[in-house]
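Pasting upload_26.txt here (compact mmCIF, C-alpha atoms and all ligand atoms):
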```txt
# COMPACT_ATOMS: atom_id res chain seq x y z
CA MET R 1 32.12 8.81 -13.14
CA GLN R 2 31.54 8.48 -16.84
CA ASN R 3 33.14 5.61 -18.76
CA GLU R 4 32.62 3.98 -22.11
CA GLU R 5 30.68 1.00 -20.73
CA ARG R 6 28.27 3.25 -18.79
CA ASN R 7 27.71 5.37 -21.90
CA ILE R 8 26.91 2.27 -23.95
CA PHE R 9 24.56 1.03 -21.20
CA ILE R 10 22.71 4.34 -21.18
CA SER R 11 22.47 4.38 -24.99
CA GLU R 12 21.01 0.86 -24.89
CA CYS R 13 18.38 2.05 -22.37
CA GLU R 14 17.41 4.92 -24.65
CA ALA R 15 17.40 2.76 -27.80
CA ALA R 16 15.18 0.16 -26.08
CA LEU R 17 12.74 2.82 -24.89
CA LYS R 18 12.55 4.37 -28.35
CA SER R 19 12.14 1.05 -30.17
CA ASN R 20 9.55 -0.16 -27.66
CA THR R 21 11.65 -3.16 -26.61
CA PHE R 22 12.38 -1.88 -23.09
CA LYS R 23 11.16 -4.05 -20.21
CA ARG R 24 12.90 -2.98 -17.06
CA VAL R 25 16.09 -1.56 -15.61
CA VAL R 26 17.39 -2.24 -12.12
CA PHE R 27 20.16 -0.20 -10.49
CA SER R 28 21.94 -1.73 -7.50
CA ALA R 29 25.16 -1.61 -5.44
CA PRO R 30 24.91 2.06 -4.45
CA ILE R 31 28.06 4.11 -4.23
CA ALA R 32 28.36 4.96 -0.52
CA GLY R 33 27.89 8.63 0.26
CA THR R 34 26.12 9.66 -2.94
CA GLY R 35 22.53 10.21 -4.05
CA GLN R 36 19.79 8.42 -2.18
CA SER R 37 22.22 6.38 -0.11
CA ALA R 38 24.15 9.45 1.06
CA GLY R 39 25.12 9.30 4.70
CA LYS R 40 23.70 5.84 5.11
CA LYS R 41 25.43 2.55 4.55
CA ASP R 42 22.86 0.57 2.65
CA ASP R 43 24.54 -1.83 0.23
CA LYS R 44 21.23 -3.49 -0.51
CA PHE R 45 19.45 -0.37 -1.79
CA LYS R 46 18.02 -1.02 -5.26
CA VAL R 47 15.82 0.95 -7.63
CA ASN R 48 13.69 -0.43 -10.37
CA PHE R 49 12.06 1.25 -13.40
CA GLU R 50 9.57 -0.99 -15.14
CA LEU R 51 7.49 -0.41 -18.26
CA ILE R 52 3.85 -1.27 -17.69
CA ALA R 53 1.03 -1.55 -20.18
CA GLY R 54 -1.72 0.50 -18.56
CA GLY R 55 -4.65 0.27 -20.95
CA ARG R 56 -4.08 2.71 -23.81
CA LYS R 57 -1.03 4.22 -22.19
CA GLN R 58 2.50 3.19 -21.44
CA LEU R 59 3.47 3.80 -17.87
CA ILE R 60 6.71 3.69 -15.99
CA LYS R 61 6.58 2.30 -12.51
CA TYR R 62 9.33 3.36 -10.12
CA SER R 63 9.90 1.24 -7.04
CA ASP R 64 12.69 0.68 -4.57
CA ASN R 65 13.27 -1.64 -1.66
CA ARG R 66 12.54 1.12 0.86
CA ASP R 67 8.82 0.99 0.02
CA SER R 68 8.60 3.98 -2.36
CA SER R 69 6.67 3.29 -5.51
CA TYR R 70 4.76 5.38 -7.98
CA THR R 71 3.68 5.23 -11.57
CA SER R 72 3.90 8.00 -14.15
CA ASP R 73 3.25 8.35 -17.87
CA LEU R 74 6.19 7.27 -20.00
CA ASN R 75 8.22 10.33 -21.01
CA ILE R 76 11.48 9.11 -22.50
CA ASP R 77 13.37 12.41 -22.16
CA ALA R 78 12.38 12.82 -18.51
CA LEU R 79 13.29 9.21 -17.77
CA MET R 80 16.69 9.46 -19.46
CA ALA R 81 17.41 12.63 -17.50
CA ARG R 82 16.45 10.80 -14.33
CA PHE R 83 18.78 7.90 -15.16
CA ALA R 84 21.61 10.32 -15.88
CA ASP R 85 21.05 12.45 -12.79
CA ASP R 86 20.39 9.87 -10.12
CA ALA R 87 20.48 6.27 -10.97
CA ILE R 88 23.54 6.10 -13.17
CA ALA R 89 25.64 8.40 -11.08
CA ASP R 90 24.83 6.69 -7.79
CA PHE R 91 25.12 2.96 -8.48
CA ARG R 92 27.88 0.52 -9.39
CA ALA R 93 25.68 -2.11 -11.01
CA ALA R 94 22.71 -2.12 -13.34
CA THR R 95 20.78 -4.59 -15.47
CA LEU R 96 18.71 -3.63 -18.47
CA TYR R 97 16.11 -6.10 -19.72
CA THR R 98 14.89 -5.71 -23.30
CA ASP R 99 13.15 -7.91 -25.84
CA ASN R 100 16.46 -8.44 -27.65
CA ALA R 101 19.01 -8.88 -24.89
CA ASP R 102 19.88 -8.30 -21.26
CA PHE R 103 22.71 -5.84 -20.56
CA ILE R 104 24.59 -6.26 -17.29
CA TYR R 105 26.79 -3.42 -16.14
CA SER R 106 29.02 -3.73 -13.10
CA GLU R 107 32.10 -2.18 -11.53
CA ASN R 108 34.54 -4.03 -9.34
CA ARG R 109 35.88 -2.58 -6.08
CA LYS R 110 38.56 -0.64 -7.93
CA GLY R 111 35.89 0.92 -10.15
CA VAL R 112 36.83 -1.06 -13.27
CA PRO R 113 33.66 -1.34 -15.42
CA ARG R 114 32.36 -4.35 -17.29
CA LEU R 115 29.40 -4.65 -19.66
CA GLN R 116 27.96 -8.01 -20.67
CA LYS R 117 25.25 -8.74 -23.20
CA THR R 118 23.28 -11.94 -22.62
CA LYS R 119 20.14 -13.66 -23.95
CA PRO R 120 16.90 -11.81 -23.19
CA SER R 121 15.34 -13.23 -20.03
CA MET R 122 12.12 -11.17 -20.31
CA LYS R 123 11.50 -11.47 -24.04
CA GLY R 124 7.85 -11.04 -24.99
CA LYS R 125 6.67 -10.74 -21.39
CA VAL R 126 3.90 -8.17 -21.07
CA GLN R 127 4.04 -6.49 -17.72
CA THR R 128 0.76 -5.27 -16.40
CA HIS R 129 -0.17 -4.16 -12.95
CA ASN R 130 -0.33 -7.35 -10.94
CA ARG R 131 -3.73 -7.09 -9.33
CA GLN R 132 -2.65 -9.37 -6.51
CA LYS R 133 0.25 -7.12 -5.67
CA ASN R 134 -0.59 -3.71 -7.13
CA TYR R 135 -3.99 -2.13 -7.11
CA VAL R 136 -4.71 -0.29 -10.34
CA LEU R 137 -7.32 2.44 -10.32
CA SER R 138 -9.85 2.03 -13.10
CA GLU R 139 -10.53 5.18 -15.12
CA ASN R 140 -14.18 4.12 -15.16
CA ARG R 141 -14.97 4.83 -11.53
CA PRO R 142 -18.03 7.12 -11.62
CA TYR R 143 -16.68 9.60 -9.05
CA LEU R 144 -13.75 10.41 -11.36
CA GLN R 145 -16.22 11.61 -13.97
CA GLY R 146 -18.15 13.59 -11.37
CA LEU R 147 -14.94 15.33 -10.33
CA GLY R 148 -14.10 16.14 -13.95
CA VAL R 149 -10.96 13.96 -13.98
CA THR R 150 -12.42 11.72 -16.69
CA ASN R 151 -14.84 12.52 -19.50
CA GLN R 152 -18.14 10.84 -20.38
CA SER R 153 -16.35 8.04 -22.25
CA GLY R 154 -14.35 7.27 -19.11
CA ASN R 155 -11.05 8.64 -20.45
CA VAL R 156 -8.79 10.85 -18.38
CA VAL R 157 -9.08 14.51 -19.42
CA LYS R 158 -5.66 15.67 -20.64
CA LYS R 159 -5.22 18.52 -18.19
CA HIS R 160 -6.06 16.18 -15.30
CA TYR R 161 -3.49 13.45 -16.03
CA ALA R 162 -1.27 14.56 -13.16
CA LYS R 163 -4.27 14.53 -10.79
CA PHE R 164 -5.33 11.10 -12.02
CA ARG R 165 -1.82 9.72 -11.48
CA GLN R 166 -1.73 11.24 -8.00
CA ILE R 167 -5.06 9.61 -7.09
CA ALA R 168 -4.02 6.28 -8.63
CA ASN R 169 -0.67 6.26 -6.81
CA PHE R 170 -2.39 7.17 -3.56
CA VAL R 171 -4.88 4.32 -3.88
CA GLU R 172 -2.04 1.93 -4.65
CA ILE R 173 -0.22 3.02 -1.49
CA ILE R 174 -3.23 2.63 0.78
CA ASP R 175 -4.03 -0.72 -0.83
CA ARG R 176 -0.66 -2.09 0.32
CA ASP R 177 -1.18 -0.98 3.91
CA ILE R 178 -4.88 -1.23 4.68
CA ARG R 179 -6.34 -3.94 2.43
CA GLU R 180 -6.31 -6.68 5.06
CA PHE R 181 -7.75 -4.40 7.73
CA VAL R 182 -10.48 -3.20 5.35
CA GLU R 183 -11.47 -6.70 4.29
CA THR R 184 -11.68 -8.08 7.82
CA LYS R 185 -13.18 -5.34 10.00
CA GLU R 186 -16.72 -6.23 11.07
CA THR R 187 -17.86 -2.69 11.95
CA PRO R 188 -17.94 0.49 9.82
CA ILE R 189 -14.51 1.82 8.96
CA GLY R 190 -14.04 5.51 9.76
CA ILE R 191 -12.21 7.63 7.19
CA LEU R 192 -11.33 11.27 7.77
CA ASP R 193 -9.77 13.54 5.16
CA LEU R 194 -8.61 16.79 6.73
CA GLY R 195 -8.11 19.77 4.40
CA CYS R 196 -9.86 17.69 1.74
CA GLY R 197 -10.13 20.46 -0.89
CA LYS R 198 -12.20 19.18 -3.83
CA GLY R 199 -12.29 15.76 -2.19
CA TYR R 200 -10.36 13.78 -4.81
CA LEU R 201 -8.77 11.52 -2.22
CA THR R 202 -11.84 11.40 0.03
CA PHE R 203 -13.89 10.00 -2.85
CA ALA R 204 -11.07 7.68 -3.91
CA THR R 205 -10.51 6.25 -0.42
CA TYR R 206 -14.21 5.92 0.36
CA ASP R 207 -14.84 4.19 -2.99
CA TYR R 208 -11.86 1.86 -2.46
CA VAL R 209 -12.95 0.90 1.07
CA ARG R 210 -16.64 0.60 0.16
CA GLU R 211 -15.80 -1.90 -2.60
CA ARG R 212 -14.05 -4.19 -0.11
CA ALA R 213 -15.41 -3.61 3.38
CA LYS R 214 -18.06 -5.82 5.01
CA VAL R 215 -20.15 -2.80 5.99
CA GLU R 216 -20.65 0.68 4.55
CA PRO R 217 -17.74 2.90 5.67
CA LYS R 218 -18.25 6.31 7.24
CA ALA R 219 -16.12 8.95 5.57
CA ILE R 220 -15.88 12.66 6.26
CA GLY R 221 -14.01 15.33 4.36
CA ILE R 222 -13.32 18.59 6.18
CA ASP R 223 -12.24 21.90 4.70
CA ILE R 224 -12.49 25.59 5.56
CA LYS R 225 -13.57 26.46 2.02
CA THR R 226 -17.37 26.56 1.67
CA ASN R 227 -17.69 26.29 -2.11
CA VAL R 228 -15.91 22.91 -2.40
CA ILE R 229 -17.95 21.37 0.41
CA ASP R 230 -21.28 21.97 -1.34
CA LEU R 231 -19.98 20.57 -4.62
CA CYS R 232 -18.61 17.46 -2.91
CA ASN R 233 -21.82 16.80 -0.96
CA ASP R 234 -23.89 17.15 -4.15
CA LEU R 235 -21.64 14.67 -5.94
CA ALA R 236 -21.72 12.19 -3.02
CA ASP R 237 -25.56 12.36 -3.04
CA SER R 238 -25.79 11.86 -6.79
CA LEU R 239 -23.61 8.73 -6.55
CA ASP R 240 -25.61 7.34 -3.61
CA PHE R 241 -22.48 7.40 -1.47
CA ASP R 242 -24.55 7.32 1.72
CA GLY R 243 -21.61 7.04 4.10
CA LEU R 244 -19.70 10.00 2.64
CA ASN R 245 -20.14 13.54 3.95
CA PHE R 246 -18.28 16.79 3.67
CA ARG R 247 -18.20 19.44 6.37
CA ASN R 248 -17.26 23.05 6.24
CA ALA R 249 -15.09 23.39 9.33
CA ARG R 250 -11.63 24.18 10.61
CA ILE R 251 -9.48 21.24 11.70
CA GLN R 252 -9.81 21.06 15.49
CA PRO R 253 -6.70 19.42 16.96
CA THR R 254 -8.42 18.82 20.30
CA LYS R 255 -11.63 17.29 19.02
CA PRO R 256 -11.39 13.52 18.46
CA GLU R 257 -13.49 11.91 15.72
CA ASP R 258 -14.42 8.34 14.98
CA VAL R 259 -11.52 7.47 12.68
CA ASP R 260 -9.51 4.45 11.57
CA ILE R 261 -7.88 5.96 8.50
CA LEU R 262 -6.72 9.56 8.56
CA ILE R 263 -5.74 11.43 5.40
CA ALA R 264 -4.14 14.87 5.32
CA LEU R 265 -2.67 15.80 1.97
CA HIS R 266 -1.01 19.16 1.56
CA ALA R 267 -2.89 20.83 4.41
CA CYS R 268 -1.06 24.13 4.64
CA ASP R 269 1.70 24.78 7.18
CA THR R 270 0.69 23.84 10.75
CA ALA R 271 -2.78 22.64 9.63
CA THR R 272 -0.88 19.37 9.07
CA ASP R 273 0.04 19.35 12.78
CA ASP R 274 -3.57 20.06 13.73
CA ALA R 275 -4.60 17.10 11.55
CA LEU R 276 -2.00 14.79 13.10
CA ALA R 277 -3.03 15.85 16.62
CA LEU R 278 -6.66 15.14 15.85
CA GLY R 279 -5.69 11.70 14.51
CA LEU R 280 -3.60 10.94 17.59
CA ARG R 281 -6.43 11.90 19.93
CA SER R 282 -8.79 9.76 17.87
CA ASN R 283 -6.47 6.76 18.19
CA MET R 284 -6.39 6.38 14.40
CA LYS R 285 -4.98 3.11 13.08
CA TYR R 286 -3.52 4.37 9.81
CA LEU R 287 -2.26 7.75 8.76
CA PHE R 288 -1.46 9.03 5.26
CA CYS R 289 -0.09 12.53 5.29
CA ALA R 290 1.72 14.59 2.67
CA PRO R 291 3.03 17.70 4.38
CA CYS R 292 2.80 21.06 2.66
CA CYS R 293 4.66 24.34 3.00
CA GLN R 294 6.16 25.02 6.43
CA ALA R 295 7.07 28.29 8.03
CA GLU R 296 7.06 27.61 11.74
CA ILE R 297 10.49 26.00 12.14
CA ALA R 298 12.11 28.06 9.38
CA ALA R 299 11.43 31.22 11.36
CA GLN R 300 13.20 29.77 14.42
CA LEU R 301 16.27 28.27 12.79
CA MET R 302 18.20 31.49 13.22
CA ASN R 303 18.77 30.29 16.79
CA ALA R 304 20.47 27.10 15.62
CA ASN R 305 24.05 26.61 16.74
CA THR R 306 26.86 28.13 14.71
CA SER R 307 27.45 25.19 12.41
CA PHE R 308 24.09 25.95 10.79
CA GLU R 309 24.86 29.59 10.14
CA THR R 310 26.36 28.64 6.82
CA ILE R 311 23.05 27.04 5.79
CA ASN R 312 20.98 29.86 7.23
CA ALA R 313 22.86 32.31 5.01
CA TYR R 314 20.93 30.91 2.03
CA PRO R 315 17.19 31.40 2.65
CA LEU R 316 16.06 28.73 0.17
CA MET R 317 18.35 26.12 1.72
CA GLN R 318 17.30 27.16 5.21
CA ARG R 319 13.70 26.64 4.18
CA ARG R 320 14.36 23.19 2.71
CA GLN R 321 16.24 22.22 5.85
CA ALA R 322 13.32 23.45 7.97
CA ASP R 323 10.90 21.27 5.96
CA ILE R 324 12.99 18.19 6.67
CA ILE R 325 13.41 18.97 10.37
CA THR R 326 9.67 19.65 10.72
CA ASP R 327 8.75 16.31 9.14
CA VAL R 328 11.34 14.27 11.03
CA CYS R 329 10.00 15.83 14.26
CA ARG R 330 6.50 14.77 13.24
CA ALA R 331 7.73 11.22 12.64
CA LEU R 332 9.49 11.13 16.03
CA LEU R 333 6.47 12.50 17.91
CA LEU R 334 4.18 10.00 16.20
CA THR R 335 6.59 7.21 17.15
CA ALA R 336 6.69 8.53 20.71
CA LEU R 337 2.92 8.08 20.73
CA GLY R 338 2.95 4.50 19.44
CA TYR R 339 3.14 4.65 15.64
CA GLU R 340 5.48 2.99 13.21
CA VAL R 341 6.37 5.66 10.63
CA LYS R 342 7.85 5.58 7.14
CA PHE R 343 8.36 8.20 4.45
CA LEU R 344 7.59 7.46 0.80
CA GLU R 345 7.74 9.28 -2.49
CA PHE R 346 4.21 8.99 -3.81
CA THR R 347 4.32 10.71 -7.15
CA ALA R 348 6.90 11.66 -9.75
CA LEU R 349 8.80 14.87 -9.03
CA GLU R 350 7.70 16.28 -12.41
CA HIS R 351 4.14 16.41 -11.01
CA THR R 352 4.80 18.07 -7.67
CA ALA R 353 7.83 18.88 -5.58
CA LYS R 354 5.70 18.07 -2.52
CA ASN R 355 5.85 14.39 -3.22
CA VAL R 356 6.80 13.05 0.21
CA MET R 357 4.23 11.05 2.11
CA LEU R 358 4.42 10.17 5.77
CA VAL R 359 2.70 6.86 6.48
CA GLY R 360 1.93 5.89 10.07
CA LYS R 361 0.56 2.64 11.44
CA LYS R 362 -0.38 2.01 15.06
CA ASN R 363 2.20 -0.30 16.59
CA ASP R 364 2.64 -0.95 20.31
CA LYS R 365 6.15 -2.33 19.80
CA VAL R 366 7.92 0.86 18.74
CA ASP R 367 10.49 2.39 21.10
CA ARG R 368 8.44 5.35 22.29
CA LYS R 369 10.91 6.60 24.91
CA LYS R 370 13.83 6.70 22.49
CA ALA R 371 11.77 8.51 19.86
CA TYR R 372 10.78 11.21 22.34
CA GLN R 373 14.38 11.60 23.50
CA ASP R 374 15.54 11.84 19.85
CA TYR R 375 12.94 14.55 19.32
CA LEU R 376 14.18 16.54 22.34
CA ASP R 377 17.79 16.18 21.17
CA LEU R 378 16.92 17.38 17.67
CA LYS R 379 15.04 20.34 19.07
CA LYS R 380 18.02 21.29 21.20
CA SER R 381 20.60 21.01 18.45
CA TYR R 382 18.53 23.06 16.00
CA GLY R 383 17.64 25.60 18.65
CA PHE R 384 13.89 25.83 18.05
CA GLU R 385 11.38 26.16 20.87
CA LYS R 386 8.01 25.59 19.25
CA HIS R 387 6.69 22.74 17.10
CA SER R 388 2.91 22.83 16.70
CA LEU R 389 2.49 19.08 16.86
CA GLU R 390 4.29 18.91 20.21
CA GLU R 391 2.18 21.80 21.53
CA ASN R 392 -0.99 20.11 20.34
CA VAL R 393 -0.28 16.77 22.01
CA LYS R 394 1.74 17.79 25.08
CA ASP R 395 -0.78 16.17 27.44
CA LEU R 396 -0.51 12.83 25.58
CA LEU R 397 3.31 12.90 25.67
CA GLU R 398 3.34 13.45 29.43
CA VAL R 399 1.37 10.30 30.21
C1 LIG D 1 -3.41 22.37 -0.99
S1 LIG D 1 -5.06 22.01 -0.63
C2 LIG D 1 -5.06 20.25 -0.70
C3 LIG D 1 -6.41 19.65 -0.94
C4 LIG D 1 -6.50 18.14 -0.92
N1 LIG D 1 -6.08 17.57 0.33
C5 LIG D 1 -5.70 17.53 -2.06
O1 LIG D 1 -4.62 16.99 -1.81
O2 LIG D 1 -6.18 17.57 -3.22
C6 LIG D 1 -5.13 22.34 1.10
C7 LIG D 1 -6.55 22.42 1.62
O3 LIG D 1 -6.49 22.51 3.04
C8 LIG D 1 -7.51 23.39 3.47
N2 LIG D 1 -7.14 23.87 4.80
C9 LIG D 1 -6.03 24.57 5.14
N3 LIG D 1 -6.03 24.83 6.47
C10 LIG D 1 -7.16 24.27 6.99
C11 LIG D 1 -7.72 24.18 8.30
N4 LIG D 1 -7.10 24.72 9.34
N5 LIG D 1 -8.89 23.53 8.45
C12 LIG D 1 -9.53 22.98 7.39
N6 LIG D 1 -9.05 23.03 6.13
C13 LIG D 1 -7.87 23.66 5.92
C14 LIG D 1 -7.52 24.46 2.38
O4 LIG D 1 -8.76 25.17 2.34
C15 LIG D 1 -7.29 23.64 1.13
O5 LIG D 1 -8.48 23.22 0.52
```
Could you show the structure in this file as structure tokens?
Amino acid sequence: MQNEERNIFISECEAALKSNTFKRVVFSAPIAGTGQSAGKKDDKFKVNFELIAGGRKQLIKYSDNRDSSYTSDLNIDALMARFADDAIADFRAATLYTDNADFIYSENRKGVPRLQKTKPSMKGKVQTHNRQKNYVLSENRPYLQGLGVTNQSGNVVKKHYAKFRQIANFVEIIDRDIREFVETKETPIGILDLGCGKGYLTFATYDYVRERAKVEPKAIGIDIKTNVIDLCNDLADSLDFDGLNFRNARIQPTKPEDVDILIALHACDTATDDALALGLRSNMKYLFCAPCCQAEIAAQLMNANTSFETINAYPLMQRRQADIITDVCRALLLTALGYEVKFLEFTALEHTAKNVMLVGKKNDKVDRKKAYQDYLDLKKSYGFEKHSLEENVKDLLEV
């Protein structure tokens, strides 16, 4: 609900961004049943937008306490729209930190608003990526130039900013999950990128691991397109990346590879399920997967029970619903096979609508039985018969 205090708070955010005095804004105390906390009681959910000096550019880092975090170029209009659409509408408390003052907005249980202005607690503090906590991808990495993302002076080429941000956010995500494993493993770490395309993330992951691992990693990128494979192999050779190879092949769900870290970003439709099945058979330790378009479940949802007919009447909504069901089924099947799974947003929505990443980590302690039962229940209530991942790993589920 709009009120005078909220409006002033929002104007102060905009004024601080425009006058370059903005530091950070934190939204907390979510309104139950709205926005990102819809359907879930999570009083502790908090989101944070922080201005970061990233070399020549100003960046905004989004993070929340459910593990999502990504960085994008500062675009004041886009950010203000985001505050207005999500953050402001969905939370009962917010604090804005600027060089001149802190602004604390809150609503009591009856919804009565209050706005306080206090001394600036972050005055003059320059926030940079904390290298201990957040890995920041250097624009100077030679492979970025080879891939055309940066120019000869090591600056990001304008039309490739979105790609650069995607790579940088990806490396930051893997850094959080795999750094310790990478730094301690005594034998070569196996990396497999399935549906690697031009190999942006294969190069990025290999380069990241190679910089930290005790021994040269072994990385393979696989794609059905021939032209990209030759280009990628030529670039790997020219950089003396001896452990990095690209293969022209179709993802084979039944053929295990030597892999610790599996990557599958935007592999089309059920190619994602083939990639996950291959990873499961290979006993991968870590999985980073951003699903792509899905058609398989959408085509079967017409069998769902009557309460879904209302959704099925709108093809776009049916499709979105099918995407979510498909990915939740993937998470449940992975859990049923011994993985701890989380979903993250890995890049700003302005860059790609396909910004959800499924992260899996081998964990013997997960409740495998319950996950499999939850999967069967979901399948029954939505009335679909076939999910490619289940078909691909049926023999593993039966053990
Ligand atoms: C949308 S692109 C994504 C490329 C890359 N992962 C990225 O994020 O930049 C999907 C890639 O998957 C490849 N692909 C789709 N199905 C495949 C399959 N069954 N086996 C191997 N590659 C496949 C396509 O050729 C394409 O290069």
* Asked: Which residue, R:Lys158, R:Arg281, R:Lys18, R:His387, has the smallest gap to R:Asp327 when you use all atoms listed in the file?
  ->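 Ranked by minimum distance to R:Asp327, first place goes to R:His387.
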* In Å, how far is it from atom CA of R:Asn283 to atom CA of R:Leu344? -> 22.4 Å
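With only C-alpha atoms as the basis for measurement, R:Met302 is the residue among R:Met302, R:Pro142, R:Leu147, R:Ala271 that approaches R:Glu385 most closely.
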* **Separation of atom CA of R:Asp273 from atom CA of R:Phe384 in Å** => 16.2 Å
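Minimum atom-to-atom distance to R:Ser381, evaluated using all atoms listed in the file, belongs to R:Phe308 out of R:Ile52, R:Gly154, R:Arg165, R:Phe308.
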Quick one: axis-aligned box around all listed atoms of ligand LIG 1 (chain D), 5 Å on every side, centre and edge lengths in Å to one decimal, written as AutoDock Vina command-line options.
```
--center_x -6.5 --center_y 21.1 --center_z 3.1 --size_x 16.1 --size_y 18.2 --size_z 22.6
```
* **Minimum-distance residue to ligand LIG 1 (chain D), chosen among R:Lys61, R:Arg250, R:Lys214, R:Lys354 (using all atoms listed in the file)** => R:Arg250
* Asked: Which chains and residue numbers are within 7 Å of ligand LIG 1 (chain D), counting only C-alpha atoms and all ligand atoms, if I want them as a list in words?
  ->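 Those within range of ligand LIG 1 (chain D) are Leu194, Gly195, Cys196, Gly197, Lys198, Gly199, Tyr200, Leu201, Ile222, Asp223, Ile224, Lys225, Ala249, Arg250, Ile251, Ala264, Leu265, His266, Ala267, Cys268 and Ala271 of chain R.
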* **Separation of atom CA of R:Lys342 from atom CA of R:Val359 in Å** =>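 Computed distance, atom CA of R:Val359 to atom CA of R:Lys342, equals 5.3 Å.
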* **Distance query R:Val182 at most 7 Å, all atoms listed in the file, self and fewer than 4 positions along chain excluded, as a PyMOL selection string** => chain R and resi 178+209+212-213
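Minimum atom-to-atom distance to R:Ser388, evaluated using all atoms listed in the file, belongs to R:Thr272 out of R:Ser63, R:Asp374, R:Thr272, R:Asp99.
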* To do: Give me the residues within 9 Å of R:Thr21 as a list in words, counting all atoms listed in the file and dropping any in the same chain fewer than 6 places off.
  =>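 Result of the neighbour search: Ala15, Tyr97, Thr98, Asp99, Asn100, Lys123 and Gly124 of chain R.
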* Find the spatial neighbours of R:Asn3, counting only C-alpha atoms, within a cut-off of 12 Å - ignore same-chain residues fewer than 2 positions away - and output them as a PyMOL selection string. => chain R and resi 1+5-10+88-89+92+105-107+111-115
How about saving the chosen residues, C-alpha atoms kept, as a short mmCIF file (atom, residue, chain, number, x, y, z; two decimals), in the frame of the given file?
```cif
data_model
loop_
_atom_site.label_atom_id
_atom_site.label_comp_id
_atom_site.auth_asym_id
_atom_site.auth_seq_id
_atom_site.Cartn_x
_atom_site.Cartn_y
_atom_site.Cartn_z
CA MET R 1 32.12 8.81 -13.14
CA GLU R 5 30.68 1.00 -20.73
CA ARG R 6 28.27 3.25 -18.79
CA ASN R 7 27.71 5.37 -21.90
CA ILE R 8 26.91 2.27 -23.95
CA PHE R 9 24.56 1.03 -21.20
CA ILE R 10 22.71 4.34 -21.18
CA ILE R 88 23.54 6.10 -13.17
CA ALA R 89 25.64 8.40 -11.08
CA ARG R 92 27.88 0.52 -9.39
CA TYR R 105 26.79 -3.42 -16.14
CA SER R 106 29.02 -3.73 -13.10
CA GLU R 107 32.10 -2.18 -11.53
CA GLY R 111 35.89 0.92 -10.15
CA VAL R 112 36.83 -1.06 -13.27
CA PRO R 113 33.66 -1.34 -15.42
CA ARG R 114 32.36 -4.35 -17.29
CA LEU R 115 29.40 -4.65 -19.66
#
```
* Asked: So which one's closest to R:Leu231, R:Leu276, R:Lys159, R:Ile167, R:Gly148? Using only C-alpha atoms, please.
  ->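 Among R:Leu276, R:Lys159, R:Ile167, R:Gly148, it is R:Gly148 that comes nearest to R:Leu231.
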Please write stretch 330-360 of chain R of the preceding block to a file containing C-alpha atoms, as a PDB file, in the first residue's frame?
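Output (part.pdb):
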```
ATOM      1  CA  ARG R 330      14.316 -32.461 -11.391  1.00  0.00           C
ATOM      2  CA  ALA R 331      15.158 -31.198  -7.900  1.00  0.00           C
ATOM      3  CA  LEU R 332      13.157 -34.007  -6.264  1.00  0.00           C
ATOM      4  CA  LEU R 333      14.711 -36.716  -8.443  1.00  0.00           C
ATOM      5  CA  LEU R 334      18.197 -35.384  -7.747  1.00  0.00           C
ATOM      6  CA  THR R 335      17.406 -35.393  -4.017  1.00  0.00           C
ATOM      7  CA  ALA R 336      16.060 -38.932  -4.337  1.00  0.00           C
ATOM      8  CA  LEU R 337      19.483 -39.853  -5.710  1.00  0.00           C
ATOM      9  CA  GLY R 338      21.471 -38.226  -2.903  1.00  0.00           C
ATOM     10  CA  TYR R 339      21.871 -34.541  -3.770  1.00  0.00           C
ATOM     11  CA  GLU R 340      21.125 -31.435  -1.772  1.00  0.00           C
ATOM     12  CA  VAL R 341      19.457 -29.012  -4.204  1.00  0.00           C
ATOM     13  CA  LYS R 342      18.820 -25.279  -4.202  1.00  0.00           C
ATOM     14  CA  PHE R 343      17.508 -22.835  -6.788  1.00  0.00           C
ATOM     15  CA  LEU R 344      19.145 -19.441  -7.297  1.00  0.00           C
ATOM     16  CA  GLU R 345      18.646 -16.427  -9.509  1.00  0.00           C
ATOM     17  CA  PHE R 346      22.003 -16.017 -11.195  1.00  0.00           C
ATOM     18  CA  THR R 347      21.602 -12.959 -13.335  1.00  0.00           C
ATOM     19  CA  ALA R 348      19.363  -9.907 -13.508  1.00  0.00           C
ATOM     20  CA  LEU R 349      16.017 -10.464 -15.212  1.00  0.00           C
ATOM     21  CA  GLU R 350      16.800  -7.636 -17.668  1.00  0.00           C
ATOM     22  CA  HIS R 351      19.521  -9.890 -19.141  1.00  0.00           C
ATOM     23  CA  THR R 352      17.570 -13.112 -19.530  1.00  0.00           C
ATOM     24  CA  ALA R 353      14.238 -14.444 -18.361  1.00  0.00           C
ATOM     25  CA  LYS R 354      15.950 -17.843 -18.003  1.00  0.00           C
ATOM     26  CA  ASN R 355      17.794 -16.745 -14.920  1.00  0.00           C
ATOM     27  CA  VAL R 356      17.094 -19.661 -12.592  1.00  0.00           C
ATOM     28  CA  MET R 357      19.959 -21.926 -11.669  1.00  0.00           C
ATOM     29  CA  LEU R 358      19.642 -25.307 -10.033  1.00  0.00           C
ATOM     30  CA  VAL R 359      22.647 -26.077  -7.849  1.00  0.00           C
ATOM     31  CA  GLY R 360      23.198 -29.619  -6.597  1.00  0.00           C
TER      32      GLY R 360
END
```
